[in-house]
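Visitor: My structure file input_30.csv, CSV, C-alpha atoms and all ligand atoms, is below:
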chain,number,residue,atom,x,y,z
A,155,VAL,CA,0.0,0.0,0.0
A,156,ARG,CA,1.2,3.6,-0.6
A,157,ILE,CA,1.1,5.5,2.6
A,158,GLY,CA,1.7,9.2,3.4
A,159,VAL,CA,3.1,10.0,6.8
A,160,LEU,CA,2.6,13.7,7.7
A,161,GLY,CA,5.2,14.5,10.4
A,162,THR,CA,8.9,14.4,10.9
A,163,GLY,CA,9.0,13.9,14.6
A,164,MET,CA,9.6,10.7,16.6
A,165,VAL,CA,6.1,9.4,15.8
A,166,GLY,CA,6.4,9.9,12.0
A,167,ASN,CA,9.8,8.2,12.2
A,168,ALA,CA,8.5,5.2,14.2
A,169,ILE,CA,5.4,4.7,12.0
A,170,GLY,CA,7.2,5.4,8.7
A,171,THR,CA,10.0,3.0,9.6
A,172,ARG,CA,7.7,0.2,10.6
A,173,LEU,CA,5.5,0.6,7.5
A,174,VAL,CA,8.6,0.4,5.2
A,175,ALA,CA,9.7,-2.7,7.1
A,176,LEU,CA,6.3,-4.2,6.5
A,177,GLY,CA,6.8,-3.7,2.7
A,178,HIS,CA,4.7,-0.5,2.2
A,179,GLN,CA,5.8,2.4,0.0
A,180,VAL,CA,5.9,5.5,2.3
A,181,MET,CA,6.4,9.2,1.8
A,182,MET,CA,7.1,11.3,4.9
A,183,GLY,CA,5.7,14.9,4.6
A,184,SER,CA,6.9,18.1,6.1
A,185,ARG,CA,6.3,21.9,5.7
A,186,THR,CA,9.2,22.1,3.3
A,187,ALA,CA,10.5,19.8,0.5
A,188,THR,CA,14.0,19.8,2.0
A,189,ASN,CA,13.4,19.0,5.6
A,190,PRO,CA,16.7,17.4,6.8
A,191,LYS,CA,14.9,15.1,9.3
A,192,ALA,CA,12.7,13.7,6.6
A,193,ALA,CA,15.6,13.3,4.2
A,194,ALA,CA,17.7,11.5,6.8
A,195,TRP,CA,14.7,9.2,7.6
A,196,ALA,CA,14.2,8.4,3.9
A,197,GLU,CA,17.9,7.5,3.6
A,198,ARG,CA,17.8,5.3,6.7
A,199,ALA,CA,14.5,3.6,6.2
A,200,GLY,CA,15.4,2.1,2.8
A,201,PRO,CA,14.1,1.8,-0.8
A,202,GLY,CA,10.4,2.0,0.1
A,203,ALA,CA,10.9,5.4,1.7
A,204,ARG,CA,10.9,8.9,0.3
A,205,ALA,CA,10.4,12.5,1.6
A,206,GLY,CA,8.3,15.4,0.3
A,207,THR,CA,6.0,18.2,1.4
A,208,PHE,CA,2.8,17.6,3.3
A,209,ALA,CA,0.9,18.1,0.0
A,210,GLU,CA,3.1,15.6,-1.9
A,211,ALA,CA,2.8,13.0,0.9
A,212,ALA,CA,-1.0,13.4,1.0
A,213,GLY,CA,-1.2,13.0,-2.7
A,214,PHE,CA,1.1,9.9,-2.6
A,215,GLY,CA,-0.8,8.0,0.1
A,216,GLU,CA,-3.9,5.9,-0.3
A,217,VAL,CA,-3.8,6.0,3.5
A,218,VAL,CA,-2.4,9.1,5.3
A,219,PHE,CA,-1.2,9.3,8.9
A,220,ASN,CA,-1.4,12.6,10.8
A,221,CYS,CA,1.7,12.6,13.0
A,222,THR,CA,2.0,16.4,13.3
A,223,ASN,CA,2.1,18.6,16.4
A,224,GLY,CA,-1.5,18.4,17.6
A,225,ALA,CA,-1.9,22.1,18.1
A,226,LYS,CA,-0.8,22.6,14.5
A,227,SER,CA,-2.4,19.6,12.9
A,228,LEU,CA,-5.3,21.5,11.2
A,229,GLU,CA,-2.7,23.9,9.8
A,230,ALA,CA,-0.7,20.9,8.5
A,231,LEU,CA,-3.7,19.2,7.0
A,232,ARG,CA,-4.8,22.4,5.2
A,233,ALA,CA,-1.3,22.5,3.8
A,234,ALA,CA,-1.6,18.9,2.8
A,235,GLY,CA,-4.8,19.9,0.9
A,236,THR,CA,-8.3,19.2,1.9
A,237,ASP,CA,-9.2,18.3,-1.7
A,238,THR,CA,-6.2,16.0,-2.0
A,239,LEU,CA,-7.3,14.0,1.1
A,240,GLU,CA,-10.9,13.6,-0.3
A,241,GLY,CA,-11.9,9.9,-0.1
A,242,LYS,CA,-8.7,8.8,1.7
A,243,ILE,CA,-8.3,7.2,5.1
A,244,VAL,CA,-6.7,9.7,7.5
A,245,ILE,CA,-5.3,8.0,10.6
A,246,ASP,CA,-5.0,10.7,13.3
A,247,VAL,CA,-2.5,9.8,16.0
A,248,ALA,CA,-2.0,13.4,17.2
A,249,ASN,CA,-2.7,14.9,20.7
A,250,VAL,CA,-3.2,18.5,21.6
A,251,LEU,CA,-1.0,19.2,24.6
A,252,PRO,CA,-1.6,20.6,27.1
A,253,LEU,CA,-5.1,19.1,26.9
A,254,GLU,CA,-6.6,22.4,28.2
A,255,ASP,CA,-5.7,24.0,24.8
A,256,ARG,CA,-8.0,21.6,22.9
A,257,GLY,CA,-11.5,22.8,23.8
A,258,PRO,CA,-14.5,20.6,24.3
A,259,ARG,CA,-14.3,18.8,20.9
A,260,SER,CA,-11.7,16.3,20.1
A,261,LEU,CA,-8.9,16.9,17.6
A,262,GLY,CA,-10.2,13.8,15.8
A,263,GLU,CA,-13.6,15.5,15.3
A,264,GLN,CA,-12.0,18.8,14.2
A,265,VAL,CA,-9.9,16.9,11.6
A,266,GLN,CA,-13.1,15.1,10.3
A,267,GLU,CA,-14.8,18.5,10.1
A,268,LEU,CA,-11.9,20.0,8.2
A,269,LEU,CA,-11.9,16.9,5.9
A,270,PRO,CA,-15.6,16.1,5.4
A,271,TYR,CA,-14.9,13.7,2.5
A,272,ALA,CA,-12.0,11.9,4.1
A,273,LYS,CA,-12.5,8.9,6.4
A,274,VAL,CA,-10.8,9.9,9.7
A,275,VAL,CA,-9.9,7.2,12.1
A,276,LYS,CA,-8.4,8.2,15.5
A,277,THR,CA,-6.1,5.5,17.0
A,278,LEU,CA,-2.7,4.8,18.6
A,279,HIS,CA,-2.6,8.3,20.3
A,280,THR,CA,-3.0,6.5,23.7
A,281,VAL,CA,0.4,4.9,23.6
A,282,ASN,CA,4.0,5.9,23.1
A,283,CYS,CA,5.3,5.7,19.5
A,284,GLU,CA,7.5,2.7,20.2
A,285,VAL,CA,4.5,0.8,21.6
A,286,MET,CA,2.3,2.0,18.6
A,287,VAL,CA,4.4,0.1,16.1
A,288,ASN,CA,5.6,-2.8,18.3
A,289,PRO,CA,2.9,-3.6,20.9
A,290,GLU,CA,4.7,-7.0,21.5
A,291,ARG,CA,7.4,-5.0,23.4
A,292,LEU,CA,5.0,-5.1,26.4
A,293,PRO,CA,4.0,-8.4,28.0
A,294,GLY,CA,0.4,-9.6,28.2
A,295,SER,CA,-2.7,-8.4,26.6
A,296,HIS,CA,-3.2,-4.6,26.2
A,297,THR,CA,-5.6,-2.5,24.3
A,298,VAL,CA,-5.7,0.1,21.6
A,299,PHE,CA,-8.9,2.0,20.5
A,300,LEU,CA,-10.5,3.0,17.2
A,301,SER,CA,-12.9,6.0,16.7
A,302,GLY,CA,-14.3,6.9,13.3
A,303,ASN,CA,-17.5,7.3,11.3
A,304,ASP,CA,-16.7,4.9,8.5
A,305,GLY,CA,-16.9,1.2,9.2
A,306,ASP,CA,-14.9,0.1,6.1
A,307,ALA,CA,-12.1,2.5,7.0
A,308,LYS,CA,-11.9,1.2,10.5
A,309,ARG,CA,-11.7,-2.4,9.1
A,310,VAL,CA,-8.7,-1.3,7.0
A,311,VAL,CA,-7.1,0.4,10.0
A,312,ARG,CA,-7.7,-2.6,12.2
A,313,GLU,CA,-6.0,-4.9,9.7
A,314,LEU,CA,-3.0,-2.5,9.5
A,315,LEU,CA,-2.8,-2.4,13.4
A,316,GLU,CA,-2.8,-6.2,13.4
A,317,THR,CA,0.2,-6.2,11.1
A,318,PHE,CA,1.9,-4.0,13.7
A,319,GLY,CA,1.2,-6.8,16.2
A,320,TRP,CA,-2.0,-5.4,17.9
A,321,ARG,CA,-4.3,-8.1,19.2
A,322,ASP,CA,-6.9,-6.2,21.3
A,323,VAL,CA,-8.4,-3.5,19.2
A,324,ILE,CA,-11.6,-2.0,20.6
A,325,ASP,CA,-13.9,0.0,18.2
A,326,LEU,CA,-15.5,2.6,20.4
A,327,GLY,CA,-17.8,4.0,17.7
A,328,ASP,CA,-18.0,7.2,15.7
A,329,ILE,CA,-15.4,10.0,15.8
A,330,THR,CA,-17.0,11.7,18.8
A,331,THR,CA,-15.6,8.9,20.9
A,332,ALA,CA,-12.1,10.3,20.4
A,333,ARG,CA,-13.0,12.8,23.1
A,334,ALA,CA,-12.7,10.0,25.6
A,335,THR,CA,-9.4,8.6,24.4
A,336,GLU,CA,-7.8,12.0,23.9
A,337,SER,CA,-8.8,12.8,27.5
A,338,TYR,CA,-7.2,9.6,28.6
A,339,VAL,CA,-3.9,11.2,27.7
A,340,ALA,CA,-4.1,13.0,31.1
A,341,LEU,CA,-3.9,9.7,32.9
A,342,TRP,CA,-1.2,8.5,30.5
A,343,LEU,CA,1.0,11.5,31.5
A,344,SER,CA,0.4,10.8,35.2
A,345,LEU,CA,1.3,7.1,34.6
A,346,ARG,CA,4.5,8.0,32.8
A,347,LYS,CA,5.5,10.3,35.7
A,348,SER,CA,4.9,7.6,38.3
A,349,LEU,CA,6.3,4.7,36.3
A,350,GLY,CA,9.3,6.7,35.0
A,351,THR,CA,8.9,5.2,31.5
A,352,ALA,CA,6.8,5.5,28.4
A,353,ALA,CA,6.9,1.8,27.8
A,354,PHE,CA,3.5,0.9,29.2
A,355,ASN,CA,-0.2,0.6,28.2
A,356,ILE,CA,-3.5,-0.3,29.7
A,357,GLY,CA,-5.5,-3.4,28.9
A,358,VAL,CA,-9.3,-3.6,29.2
A,359,ALA,CA,-10.0,-6.7,31.3
A,360,ARG,CA,-13.3,-8.3,30.4
B,1,LIG,N1,5.7,11.0,21.1
B,1,LIG,C1,4.9,10.0,21.2
B,1,LIG,O1,5.2,8.8,21.6
B,1,LIG,C2,3.4,10.3,21.0
B,1,LIG,C3,2.5,9.3,21.4
B,1,LIG,C4,1.1,9.6,21.1
B,1,LIG,C5,0.8,10.7,20.3
B,1,LIG,N2,1.7,11.6,19.9
B,1,LIG,C6,1.3,12.7,19.1
B,1,LIG,O2,1.9,12.5,17.8
B,1,LIG,C7,2.1,13.8,17.2
B,1,LIG,C8,3.6,13.8,16.7
B,1,LIG,O3,4.5,13.9,17.8
B,1,LIG,P1,6.0,14.0,17.5
B,1,LIG,O4,6.6,14.2,18.9
B,1,LIG,O5,6.5,12.9,16.6
B,1,LIG,O6,6.2,15.3,16.7
B,1,LIG,P2,5.9,16.9,17.0
B,1,LIG,O7,7.1,17.5,17.3
B,1,LIG,O8,4.7,17.0,18.0
B,1,LIG,O9,5.3,17.4,15.5
B,1,LIG,C9,6.2,17.4,14.5
B,1,LIG,C10,5.5,17.8,13.2
B,1,LIG,O10,4.6,18.9,13.4
B,1,LIG,C11,4.8,19.8,12.3
B,1,LIG,N3,4.5,21.1,12.7
B,1,LIG,C12,5.0,21.8,13.7
B,1,LIG,N4,4.5,23.1,13.7
B,1,LIG,C13,3.8,23.2,12.6
B,1,LIG,C14,3.0,24.3,12.0
B,1,LIG,N5,3.0,25.5,12.5
B,1,LIG,N6,2.3,24.0,10.9
B,1,LIG,C15,2.3,22.8,10.3
B,1,LIG,N7,3.0,21.8,10.8
B,1,LIG,C16,3.7,22.0,11.9
B,1,LIG,C17,6.3,19.6,12.0
B,1,LIG,O11,6.5,20.1,10.6
B,1,LIG,P3,8.0,20.1,10.0
B,1,LIG,O12,8.2,18.6,9.6
B,1,LIG,O13,7.8,21.0,8.8
B,1,LIG,O14,8.9,20.5,11.0
B,1,LIG,C18,6.5,18.2,12.2
B,1,LIG,O15,6.3,17.4,11.0
B,1,LIG,C19,1.8,14.8,18.2
B,1,LIG,O16,0.5,15.3,18.0
B,1,LIG,C20,1.9,14.1,19.5
B,1,LIG,O17,1.0,14.6,20.5
B,1,LIG,C21,3.0,11.4,20.3
Could I get this structure in the form of structure tokens?
Guide:
Amino acid sequence: VRIGVLGTGMVGNAIGTRLVALGHQVMMGSRTATNPKAAAWAERAGPGARAGTFAEAAGFGEVVFNCTNGAKSLEALRAAGTDTLEGKIVIDVANVLPLEDRGPRSLGEQVQELLPYAKVVKTLHTVNCEVMVNPERLPGSHTVFLSGNDGDAKRVVRELLETFGWRDVIDLGDITTARATESYVALWLSLRKSLGTAAFNIGVAR
């Protein structure tokens, strides 16, 4: 699959690297065509990897990950092109931090509103990026969540998550359910402080 990864930070790196290793063609997008972090990643990740602008990466991908700074994600997605993203699956992994800056509606909903003809799926934002792409690093059963309005898009994303190694994927419902998982990030931050590591997750016992 051709996949666009918007974002040159640690999350874009982790997701892009894992996708290339799984055999996908990946373009990492940035505000500029010559971002040195994106170029270095493309060099490192191998033949399936390339770098471009947000717009180029959005055009390249059949599926597009939003791994940009949460407070700037709407700006980044506008630069990627709302028309370009029409009909595509947009996987939103971003968080607005501090949470108080977000307002009552989730970033996932705001992204879906900006991209009414894209299929936005919110997922993976409740774990650290190393856990996102390698859940087997943690022992035992633990959980990741899906929120989105389009059932077919969520099926595609679930399958992609399974290739990362995810086994317990709970579909919470439409994109408004991202409010709950984005708010969970407050607990995630407290847990990281008390545990002294980002290598953890919660599992829903049932
Ligand atoms: N770190 C984790 O493990 C983790 C876990 C869960 C969720 N998240 C979320 O994942 C997202 C990515 O995190 P990160 O630490 O990898 O990267 P980050 O530093 O939060 O974001 C980097 C990206 O944001 C873009 N950006 C910054 N300012 C911008 C602006 N004014 N307009 C447009 N784009 C702008 C940058 O563009 P350039 O490439 O042009 O510089 C870059 O691609 C965040 O929303 C974060 O909350 C992170």
Visitor: With a distance cut-off of 6 Å and all atoms listed in the file, select the neighbouring residues of region 184-197 of chain A, excluding the residue or stretch itself and same-chain residues fewer than 5 positions from it, and output the selection as a VMD selection string.
Guide: chain A and resid 161 to 162 203 to 208
Visitor: Put those residues in a file: C-alpha atoms, as a tab-separated table (two decimals), keeping the file's coordinate frame.
Guide:
chain	number	residue	atom	x	y	z
A	161	GLY	CA	5.20	14.50	10.40
A	162	THR	CA	8.90	14.40	10.90
A	203	ALA	CA	10.90	5.40	1.70
A	204	ARG	CA	10.90	8.90	0.30
A	205	ALA	CA	10.40	12.50	1.60
A	206	GLY	CA	8.30	15.40	0.30
A	207	THR	CA	6.00	18.20	1.40
A	208	PHE	CA	2.80	17.60	3.30
Visitor: Could you tell me how far CA of Leu253 (chain A) lies from CA of Gly241 (chain A), in Å and to one decimal?
Guide: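 CA of Leu253 (chain A) sits 29.3 Å away from CA of Gly241 (chain A).
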Visitor: May I ask you to write as a ChimeraX atom specification all residues lying at most 7 Å from ligand LIG 1 (chain B), with only C-alpha atoms and all ligand atoms counted?
Guide: /A:160-166,183-186,189,221-224,226-227,229-230,247-251,278-284
Visitor: Taking all atoms listed in the file into account, name the residue in A:Thr317, A:Val311, A:Glu263, A:Lys273 that is nearest to Glu336 (chain A).
Guide: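 Checking each candidate against Glu336 (chain A), we get A:Glu263 as the closest.
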Visitor: Which residues are close to Thr335 (chain A), i.e. within 10 Å by all atoms listed in the file, leaving aside same-chain residues fewer than 3 positions away? Reply as a tab-separated table (two decimals) with C-alpha atoms, keeping the file's coordinate frame.
Guide:
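Final file, result_38.tsv:
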chain	number	residue	atom	x	y	z
A	249	ASN	CA	-2.70	14.90	20.70
A	260	SER	CA	-11.70	16.30	20.10
A	276	LYS	CA	-8.40	8.20	15.50
A	277	THR	CA	-6.10	5.50	17.00
A	278	LEU	CA	-2.70	4.80	18.60
A	279	HIS	CA	-2.60	8.30	20.30
A	280	THR	CA	-3.00	6.50	23.70
A	298	VAL	CA	-5.70	0.10	21.60
A	299	PHE	CA	-8.90	2.00	20.50
A	300	LEU	CA	-10.50	3.00	17.20
A	301	SER	CA	-12.90	6.00	16.70
A	326	LEU	CA	-15.50	2.60	20.40
A	330	THR	CA	-17.00	11.70	18.80
A	331	THR	CA	-15.60	8.90	20.90
A	332	ALA	CA	-12.10	10.30	20.40
A	338	TYR	CA	-7.20	9.60	28.60
A	339	VAL	CA	-3.90	11.20	27.70
A	340	ALA	CA	-4.10	13.00	31.10
Visitor: Could you check which of A:Ala211, A:Ala199, A:Leu231, A:Val274 is closest to Met182 (chain A), using only C-alpha atoms?
Guide: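 Nearest to Met182 (chain A): A:Ala211.
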Visitor: Could you tell me which of A:Met286, A:Leu341, A:Ala209, A:Leu349 comes closest to Gly170 (chain A) if we count all atoms listed in the file?
Guide: A:Met286
Visitor: From the options A:Val285, A:Pro293, A:Arg312, A:Ile324, which residue's atoms come nearest to Thr351 (chain A), counting all atoms listed in the file?
Guide: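 Answer, going by the shortest atom-to-atom distance: A:Val285.
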Visitor: Please measure the separation of CA of Val155 (chain A) and CA of Ile329 (chain A), giving the value in Å to one decimal.
Guide: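 Distance reported for this atom pair: 24.2 Å.
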Visitor: Please indicate the distance in Å from CA of Arg156 (chain A) to CA of Asp306 (chain A), rounded to one decimal place.
Guide: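 Computing the Euclidean distance for CA of Arg156 (chain A) and CA of Asp306 (chain A) yields 17.8 Å.
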Visitor: With all atoms listed in the file as the basis for distance, which of A:Gly350, A:Gly262, A:Gly202, A:Gly302 is at the shortest distance from Gly327 (chain A)?
Guide: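 Of all the options, A:Gly302 lies closest to Gly327 (chain A).
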Visitor: Looking at all atoms listed in the file, which of A:Gly177, A:Gly357, A:Pro252, A:Gly200 is the one that sits closest to His296 (chain A)?
Guide: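 Nearest candidate to His296 (chain A) out of A:Gly177, A:Gly357, A:Pro252, A:Gly200: A:Gly357.
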Visitor: Around (-11.3, 17.2, 10.1) in the file's frame, which residues reach within 10 Å when counting all atoms listed in the file? Return as a list in words?
Guide: Ser227, Leu228, Leu231, Arg232, Thr236, Val244, Asp246, Leu261, Gly262, Glu263, Gln264, Val265, Gln266, Glu267, Leu268, Leu269, Pro270, Tyr271, Ala272, Lys273 and Val274 of chain A
Visitor: Using C-alpha atoms, can you write the selected residues to a file as a PDB file, in the frame of the given file?
Guide:
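Contents of the output file again.pdb:
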ATOM      1  CA  SER A 227      -2.400  19.600  12.900  1.00  0.00           C
ATOM      2  CA  LEU A 228      -5.300  21.500  11.200  1.00  0.00           C
ATOM      3  CA  LEU A 231      -3.700  19.200   7.000  1.00  0.00           C
ATOM      4  CA  ARG A 232      -4.800  22.400   5.200  1.00  0.00           C
ATOM      5  CA  THR A 236      -8.300  19.200   1.900  1.00  0.00           C
ATOM      6  CA  VAL A 244      -6.700   9.700   7.500  1.00  0.00           C
ATOM      7  CA  ASP A 246      -5.000  10.700  13.300  1.00  0.00           C
ATOM      8  CA  LEU A 261      -8.900  16.900  17.600  1.00  0.00           C
ATOM      9  CA  GLY A 262     -10.200  13.800  15.800  1.00  0.00           C
ATOM     10  CA  GLU A 263     -13.600  15.500  15.300  1.00  0.00           C
ATOM     11  CA  GLN A 264     -12.000  18.800  14.200  1.00  0.00           C
ATOM     12  CA  VAL A 265      -9.900  16.900  11.600  1.00  0.00           C
ATOM     13  CA  GLN A 266     -13.100  15.100  10.300  1.00  0.00           C
ATOM     14  CA  GLU A 267     -14.800  18.500  10.100  1.00  0.00           C
ATOM     15  CA  LEU A 268     -11.900  20.000   8.200  1.00  0.00           C
ATOM     16  CA  LEU A 269     -11.900  16.900   5.900  1.00  0.00           C
ATOM     17  CA  PRO A 270     -15.600  16.100   5.400  1.00  0.00           C
ATOM     18  CA  TYR A 271     -14.900  13.700   2.500  1.00  0.00           C
ATOM     19  CA  ALA A 272     -12.000  11.900   4.100  1.00  0.00           C
ATOM     20  CA  LYS A 273     -12.500   8.900   6.400  1.00  0.00           C
ATOM     21  CA  VAL A 274     -10.800   9.900   9.700  1.00  0.00           C
TER      22      VAL A 274
END
Visitor: Tell me which protein, DNA and RNA residues are within 7 Å of Phe318 (chain A), counting all atoms listed in the file, leaving out same-chain ones fewer than 4 positions away, and put them as number ranges by chain.
Guide: A: 287-288, 314
Visitor: Got a sec: who's within 8 Å of Thr238 (chain A), counting all atoms listed in the file, leaving out chain neighbours fewer than 4 positions off, as a list of chain:residue names?
Guide: A:Ala209, A:Ala212, A:Gly213, A:Ala234
